[in-house]
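Listing of model.pdb; format and content: PDB, C-alpha atoms.
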ATOM      1  CA  MET A 295     -30.494  79.910  59.240  1.00  0.00           C
ATOM      2  CA  GLN A 296     -29.353  76.947  57.205  1.00  0.00           C
ATOM      3  CA  MET A 297     -30.743  73.461  57.809  1.00  0.00           C
ATOM      4  CA  LEU A 298     -29.064  70.168  57.019  1.00  0.00           C
ATOM      5  CA  HIS A 299     -30.648  67.950  54.424  1.00  0.00           C
ATOM      6  CA  PRO A 300     -31.760  64.453  55.542  1.00  0.00           C
ATOM      7  CA  PRO A 301     -29.119  62.645  53.425  1.00  0.00           C
ATOM      8  CA  ALA A 302     -26.378  64.815  54.983  1.00  0.00           C
ATOM      9  CA  VAL A 303     -27.666  64.083  58.499  1.00  0.00           C
ATOM     10  CA  LEU A 304     -27.753  60.378  57.717  1.00  0.00           C
ATOM     11  CA  LEU A 305     -24.192  60.486  56.381  1.00  0.00           C
ATOM     12  CA  ILE A 306     -22.975  62.330  59.503  1.00  0.00           C
ATOM     13  CA  MET A 307     -24.692  59.766  61.753  1.00  0.00           C
ATOM     14  CA  VAL A 308     -23.135  56.820  59.854  1.00  0.00           C
ATOM     15  CA  VAL A 309     -19.659  58.349  60.102  1.00  0.00           C
ATOM     16  CA  PHE A 310     -20.128  59.128  63.807  1.00  0.00           C
ATOM     17  CA  ILE A 311     -21.406  55.627  64.633  1.00  0.00           C
ATOM     18  CA  SER A 312     -18.595  53.981  62.664  1.00  0.00           C
ATOM     19  CA  HIS A 313     -16.072  56.025  64.646  1.00  0.00           C
ATOM     20  CA  LEU A 314     -17.708  54.936  67.896  1.00  0.00           C
ATOM     21  CA  THR A 315     -17.505  51.321  66.761  1.00  0.00           C
ATOM     22  CA  PHE A 316     -13.831  51.789  65.897  1.00  0.00           C
ATOM     23  CA  LEU A 317     -13.109  53.302  69.296  1.00  0.00           C
ATOM     24  CA  THR A 318     -14.771  50.408  71.129  1.00  0.00           C
ATOM     25  CA  ALA A 319     -13.093  47.635  69.111  1.00  0.00           C
ATOM     26  CA  VAL A 320     -11.150  46.632  72.238  1.00  0.00           C
ATOM     27  CA  THR A 321     -12.110  47.172  75.879  1.00  0.00           C
ATOM     28  CA  VAL A 322     -10.017  46.377  78.953  1.00  0.00           C
ATOM     29  CA  LYS A 323     -11.956  45.701  82.169  1.00  0.00           C
ATOM     30  CA  TYR A 324     -11.075  44.992  85.786  1.00  0.00           C
ATOM     31  CA  PRO A 325     -11.958  46.499  89.160  1.00  0.00           C
ATOM     32  CA  HIS A 326     -10.344  49.772  90.101  1.00  0.00           C
ATOM     33  CA  GLU A 327      -8.952  49.162  93.531  1.00  0.00           C
ATOM     34  CA  MET A 328      -6.242  49.766  96.069  1.00  0.00           C
ATOM     35  CA  ILE A 329      -4.867  46.470  97.393  1.00  0.00           C
ATOM     36  CA  THR A 330      -2.899  46.089 100.611  1.00  0.00           C
ATOM     37  CA  LYS A 331      -1.257  42.709 101.241  1.00  0.00           C
ATOM     38  CA  THR A 332       1.442  41.398 103.535  1.00  0.00           C
ATOM     39  CA  GLU A 333       4.746  40.236 102.094  1.00  0.00           C
ATOM     40  CA  GLY A 334       4.958  36.499 101.544  1.00  0.00           C
ATOM     41  CA  LEU A 335       1.287  36.181 100.564  1.00  0.00           C
ATOM     42  CA  LEU A 336      -0.114  35.295  97.141  1.00  0.00           C
ATOM     43  CA  LEU A 337      -1.711  37.918  94.874  1.00  0.00           C
ATOM     44  CA  SER A 338      -3.716  37.271  91.720  1.00  0.00           C
ATOM     45  CA  LEU A 339      -4.971  40.028  89.397  1.00  0.00           C
ATOM     46  CA  LYS A 340      -7.418  39.412  86.548  1.00  0.00           C
ATOM     47  CA  CYS A 341      -7.799  41.559  83.457  1.00  0.00           C
ATOM     48  CA  THR A 342     -10.563  40.917  80.912  1.00  0.00           C
ATOM     49  CA  VAL A 343     -10.076  42.155  77.355  1.00  0.00           C
ATOM     50  CA  GLU A 344     -13.203  42.202  75.202  1.00  0.00           C
ATOM     51  CA  TYR A 345     -12.876  42.739  71.480  1.00  0.00           C
ATOM     52  CA  LYS A 346     -14.802  42.308  68.265  1.00  0.00           C
ATOM     53  CA  THR A 347     -13.247  39.602  66.113  1.00  0.00           C
ATOM     54  CA  LYS A 348     -14.072  41.406  62.857  1.00  0.00           C
ATOM     55  CA  ASP A 349     -12.537  44.712  63.993  1.00  0.00           C
ATOM     56  CA  CYS A 350      -9.608  43.572  66.069  1.00  0.00           C
ATOM     57  CA  ASP A 351      -7.003  40.863  65.805  1.00  0.00           C
ATOM     58  CA  ILE A 352      -5.352  41.111  69.229  1.00  0.00           C
ATOM     59  CA  GLN A 353      -1.598  41.522  68.964  1.00  0.00           C
ATOM     60  CA  THR A 354      -0.629  41.982  72.585  1.00  0.00           C
ATOM     61  CA  THR A 355      -2.183  41.880  75.995  1.00  0.00           C
ATOM     62  CA  TRP A 356       0.088  42.592  78.945  1.00  0.00           C
ATOM     63  CA  TRP A 357       0.228  43.555  82.561  1.00  0.00           C
ATOM     64  CA  TYR A 358       2.625  46.419  83.288  1.00  0.00           C
ATOM     65  CA  LYS A 359       4.051  47.604  86.586  1.00  0.00           C
ATOM     66  CA  ASN A 360       4.467  51.370  86.975  1.00  0.00           C
ATOM     67  CA  SER A 361       3.375  51.692  83.379  1.00  0.00           C
ATOM     68  CA  SER A 362       5.467  54.812  82.628  1.00  0.00           C
ATOM     69  CA  GLU A 363       8.346  52.364  82.047  1.00  0.00           C
ATOM     70  CA  GLN A 364       6.243  50.445  79.462  1.00  0.00           C
ATOM     71  CA  PHE A 365       8.035  47.160  80.100  1.00  0.00           C
ATOM     72  CA  PRO A 366       5.610  44.242  80.344  1.00  0.00           C
ATOM     73  CA  ILE A 367       5.780  41.875  83.291  1.00  0.00           C
ATOM     74  CA  MET A 368       7.425  38.730  81.940  1.00  0.00           C
ATOM     75  CA  ASP A 369       9.850  37.314  84.540  1.00  0.00           C
ATOM     76  CA  PRO A 370       8.816  33.624  84.901  1.00  0.00           C
ATOM     77  CA  ASN A 371      10.798  33.341  88.139  1.00  0.00           C
ATOM     78  CA  ARG A 372       8.611  35.962  89.839  1.00  0.00           C
ATOM     79  CA  TYR A 373       5.288  35.921  88.019  1.00  0.00           C
ATOM     80  CA  LEU A 374       2.829  33.390  86.622  1.00  0.00           C
ATOM     81  CA  ILE A 375       0.770  34.677  83.710  1.00  0.00           C
ATOM     82  CA  ARG A 376      -2.168  32.604  82.477  1.00  0.00           C
ATOM     83  CA  VAL A 377      -4.409  33.460  79.538  1.00  0.00           C
ATOM     84  CA  ASN A 378      -7.721  31.935  78.531  1.00  0.00           C
ATOM     85  CA  GLU A 379     -10.054  33.046  75.804  1.00  0.00           C
ATOM     86  CA  THR A 380     -13.709  32.439  75.021  1.00  0.00           C
ATOM     87  CA  GLU A 381     -15.869  33.480  72.101  1.00  0.00           C
ATOM     88  CA  ARG A 382     -19.373  34.866  72.421  1.00  0.00           C
ATOM     89  CA  ALA A 383     -21.226  35.809  69.222  1.00  0.00           C
ATOM     90  CA  GLU A 384     -18.927  38.255  67.423  1.00  0.00           C
ATOM     91  CA  HIS A 385     -16.988  39.131  70.581  1.00  0.00           C
ATOM     92  CA  ARG A 386     -14.058  37.436  72.245  1.00  0.00           C
ATOM     93  CA  LEU A 387     -13.164  37.627  75.903  1.00  0.00           C
ATOM     94  CA  ARG A 388      -9.517  37.168  76.848  1.00  0.00           C
ATOM     95  CA  ASN A 389      -8.717  36.832  80.558  1.00  0.00           C
ATOM     96  CA  ILE A 390      -5.146  37.532  81.621  1.00  0.00           C
ATOM     97  CA  PHE A 391      -4.301  36.419  85.163  1.00  0.00           C
ATOM     98  CA  LEU A 392      -1.172  37.759  86.826  1.00  0.00           C
ATOM     99  CA  THR A 393      -0.133  35.794  89.931  1.00  0.00           C
ATOM    100  CA  ILE A 394       2.667  36.671  92.309  1.00  0.00           C
ATOM    101  CA  SER A 395       3.212  33.642  94.536  1.00  0.00           C
ATOM    102  CA  SER A 396       5.197  35.346  97.294  1.00  0.00           C
ATOM    103  CA  LEU A 397       4.848  39.125  97.519  1.00  0.00           C
ATOM    104  CA  LYS A 398       7.909  41.242  98.285  1.00  0.00           C
ATOM    105  CA  LEU A 399       8.007  44.841  99.450  1.00  0.00           C
ATOM    106  CA  GLN A 400       9.366  45.907  96.033  1.00  0.00           C
ATOM    107  CA  ASP A 401       6.162  44.577  94.402  1.00  0.00           C
ATOM    108  CA  SER A 402       4.398  47.701  95.709  1.00  0.00           C
ATOM    109  CA  GLY A 403       3.362  50.021  92.905  1.00  0.00           C
ATOM    110  CA  SER A 404       0.809  50.575  90.166  1.00  0.00           C
ATOM    111  CA  TYR A 405      -0.254  47.808  87.805  1.00  0.00           C
ATOM    112  CA  GLN A 406      -2.073  48.262  84.504  1.00  0.00           C
ATOM    113  CA  CYS A 407      -3.321  45.923  81.790  1.00  0.00           C
ATOM    114  CA  ASP A 408      -3.567  46.882  78.151  1.00  0.00           C
ATOM    115  CA  ALA A 409      -4.308  45.373  74.746  1.00  0.00           C
ATOM    116  CA  THR A 410      -3.462  46.389  71.191  1.00  0.00           C
ATOM    117  CA  CYS A 411      -5.201  45.360  67.965  1.00  0.00           C
ATOM    118  CA  LEU A 412      -2.804  44.107  65.307  1.00  0.00           C
ATOM    119  CA  ASN A 413      -4.802  45.175  62.263  1.00  0.00           C
ATOM    120  CA  SER A 414      -5.926  48.652  63.377  1.00  0.00           C
ATOM    121  CA  GLY A 415      -3.466  49.682  66.091  1.00  0.00           C
ATOM    122  CA  THR A 416      -6.397  50.446  68.393  1.00  0.00           C
ATOM    123  CA  GLN A 417      -5.316  50.248  72.002  1.00  0.00           C
ATOM    124  CA  GLY A 418      -7.324  49.693  75.153  1.00  0.00           C
ATOM    125  CA  LYS A 419      -5.893  50.445  78.587  1.00  0.00           C
ATOM    126  CA  GLY A 420      -7.298  49.663  81.979  1.00  0.00           C
ATOM    127  CA  HIS A 421      -7.002  51.979  84.940  1.00  0.00           C
ATOM    128  CA  PHE A 422      -4.322  51.518  87.591  1.00  0.00           C
ATOM    129  CA  VAL A 423      -4.506  48.945  90.357  1.00  0.00           C
ATOM    130  CA  ARG A 424      -2.415  50.180  93.244  1.00  0.00           C
ATOM    131  CA  LEU A 425      -0.659  47.561  95.359  1.00  0.00           C
ATOM    132  CA  ASN A 426       0.817  48.259  98.766  1.00  0.00           C
ATOM    133  CA  VAL A 427       2.872  45.398 100.216  1.00  0.00           C
ATOM    134  CA  THR A 428       3.459  45.687 103.957  1.00  0.00           C
ATOM    135  CA  ALA A 429       6.161  44.029 106.033  1.00  0.00           C
ATOM    136  CA  ALA A 430       5.205  40.755 107.683  1.00  0.00           C
ATOM    137  CA  GLN A 431       4.762  40.832 111.444  1.00  0.00           C
ATOM    138  CA  TYR A 432       6.331  37.624 112.704  1.00  0.00           C
ATOM    139  CA  LYS A 433       5.377  36.350 116.134  1.00  0.00           C
ATOM    140  CA  SER A 434       8.211  35.221 118.368  1.00  0.00           C
ATOM    141  CA  LEU A 435       8.831  31.509 118.115  1.00  0.00           C
ATOM    142  CA  LYS A 436       8.903  29.320 121.210  1.00  0.00           C
ATOM    143  CA  VAL A 437      11.929  27.059 121.290  1.00  0.00           C
ATOM    144  CA  SER A 438      11.248  23.528 122.413  1.00  0.00           C
ATOM    145  CA  THR A 439      13.238  22.098 125.309  1.00  0.00           C
ATOM    146  CA  TRP A 440      12.907  18.561 123.963  1.00  0.00           C
ATOM    147  CA  SER A 441      16.315  16.865 123.917  1.00  0.00           C
ATOM    148  CA  GLY A 442      15.927  15.316 120.497  1.00  0.00           C
ATOM    149  CA  GLN A 443      16.513  11.783 121.691  1.00  0.00           C
ATOM    150  CA  LEU A 444      14.150   9.163 120.324  1.00  0.00           C
ATOM    151  CA  LYS A 445      12.977   6.060 122.138  1.00  0.00           C
ATOM    152  CA  ALA A 446      13.066   3.010 119.877  1.00  0.00           C
ATOM    153  CA  ASN A 447      10.294   0.485 119.858  1.00  0.00           C
ATOM    154  CA  THR A 448      11.926  -2.718 121.091  1.00  0.00           C
ATOM    155  CA  ALA A 449      10.036  -4.981 118.693  1.00  0.00           C
ATOM    156  CA  ALA A 450      10.894  -2.852 115.644  1.00  0.00           C
ATOM    157  CA  LEU A 451      14.536  -2.759 116.688  1.00  0.00           C
ATOM    158  CA  ALA A 452      14.678  -6.567 117.121  1.00  0.00           C
ATOM    159  CA  LEU A 453      13.006  -7.146 113.731  1.00  0.00           C
ATOM    160  CA  SER A 454      15.405  -4.752 112.002  1.00  0.00           C
ATOM    161  CA  THR A 455      18.388  -6.531 113.541  1.00  0.00           C
ATOM    162  CA  ILE A 456      17.163  -9.966 112.391  1.00  0.00           C
ATOM    163  CA  LEU A 457      16.537  -8.737 108.824  1.00  0.00           C
ATOM    164  CA  LEU A 458      19.939  -7.087 108.688  1.00  0.00           C
ATOM    165  CA  CYS A 459      21.767 -10.208 109.962  1.00  0.00           C
ATOM    166  CA  TYR A 460      20.081 -12.598 107.546  1.00  0.00           C
ATOM    167  CA  GLY A 461      20.508 -10.311 104.517  1.00  0.00           C
ATOM    168  CA  TYR A 462      16.900  -9.603 103.546  1.00  0.00           C
TER     169      TYR A 462
END

Please re-express this file's structure in structure tokens.
Amino acid sequence: MQMLHPPAVLLIMVVFISHLTFLTAVTVKYPHEMITKTEGLLLSLKCTVEYKTKDCDIQTTWWYKNSSEQFPIMDPNRYLIRVNETERAEHRLRNIFLTISSLKLQDSGSYQCDATCLNSGTQGKGHFVRLNVTAAQYKSLKVSTWSGQLKANTAALALSTILLCYGY
């Protein structure tokens, strides 16, 4: 039975811990959930990316729909994307908000947020948020029987006529 020498154990621990630090250079966080909303409503998703400033210079942070396509959501006519960032000690927190102002049935699907470090290539991916958009149930509208005719206030009508005649 062969035993490891203390310096060898220490070296193995340092290498292992440095690998763990490398793997956690960027973390993507948000609630794992299934969302059901009615078409026409507003939806806002928030993704928080936490990274160590010394280990990671963030290159990209994106929301993807049906992430097998790997095309980020960028259409400004359909989506509003806001980003804010704060620094805390040696960590930075970047919040990426995806807002869809008026949901459509075709917005149903899986959404995922990810981030990539520029200097190391380390990538963090969040889990999928599943969105189910349901058809709106419109209630029948009651049509008014009002004729559309307006009754003019006699005093306002007389004043308007005087102003018009005298050119004010």

Inset, instruction - Report the residues retrieved by the PyMOL selection byres ((chain A and resi 396) around 6) from the displayed file, expressed as a VMD selection string. - result: chain A and resid 334 to 336 394 to 395 397

Legend entry - Residues selected by the PyMOL selection byres ((chain A and resi 338) around 10), written as a PyMOL selection string: chain A and resi 336-337+339-340+373-375+391-395

Inset, instruction - Rank A:Leu451, A:Leu457, A:Val343, A:Ala319 by their smallest atom-to-atom distance to A:Arg388, using all atoms listed in the file, and report the top residue only. - result: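 Smallest distance to A:Arg388 is found for A:Val343.
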
Inset, instruction - For the file shown, report as a PyMOL selection string the outcome of the PyMOL selection byres ((chain A and resi 387) around 12) at residue level. - result: chain A and resi 320-323+341-347+352+355+377-386+388-390+409

Inset, instruction - Find the residue from A:Gln431, A:Thr332, A:Thr354, A:Asn371 that sits nearest to A:Asp408; use only C-alpha atoms when measuring. - result: A:Thr354

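Each of A:Tyr405, A:Tyr460, A:Phe422, A:Tyr432 was compared to A:Tyr358 using all atoms listed in the file, and A:Tyr405 turns out to be the nearest.
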
Inset, instruction - Calculate how many Å separate atom CA of A:Lys348 from atom CA of A:Leu412, rounding to one decimal. - result: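 So the two atoms, atom CA of A:Lys348 and atom CA of A:Leu412, lie 11.8 Å apart.
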
Inset, instruction - Please measure the separation of atom CA of A:Pro325 and atom CA of A:Thr410, giving the value in Å to one decimal. - result: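 Separation of atom CA of A:Pro325 and atom CA of A:Thr410: 19.9 Å.
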
Legend entry - Atomic separation - atom CA of A:Asn426 relative to atom CA of A:Leu399, Å: 8.0 Å

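Using all atoms listed in the file, the nearest neighbour of A:Glu327 within the list A:Gln406, A:Asn360, A:Ser454, A:Gln353 is A:Gln406.
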
Inset, instruction - Using all atoms listed in the file, pick whichever of A:Ser402, A:Thr448, A:Asn413, A:Thr455 has the shortest atom-to-atom distance to A:Thr428. - result: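 Closest to A:Thr428, using all atoms listed in the file: A:Ser402.
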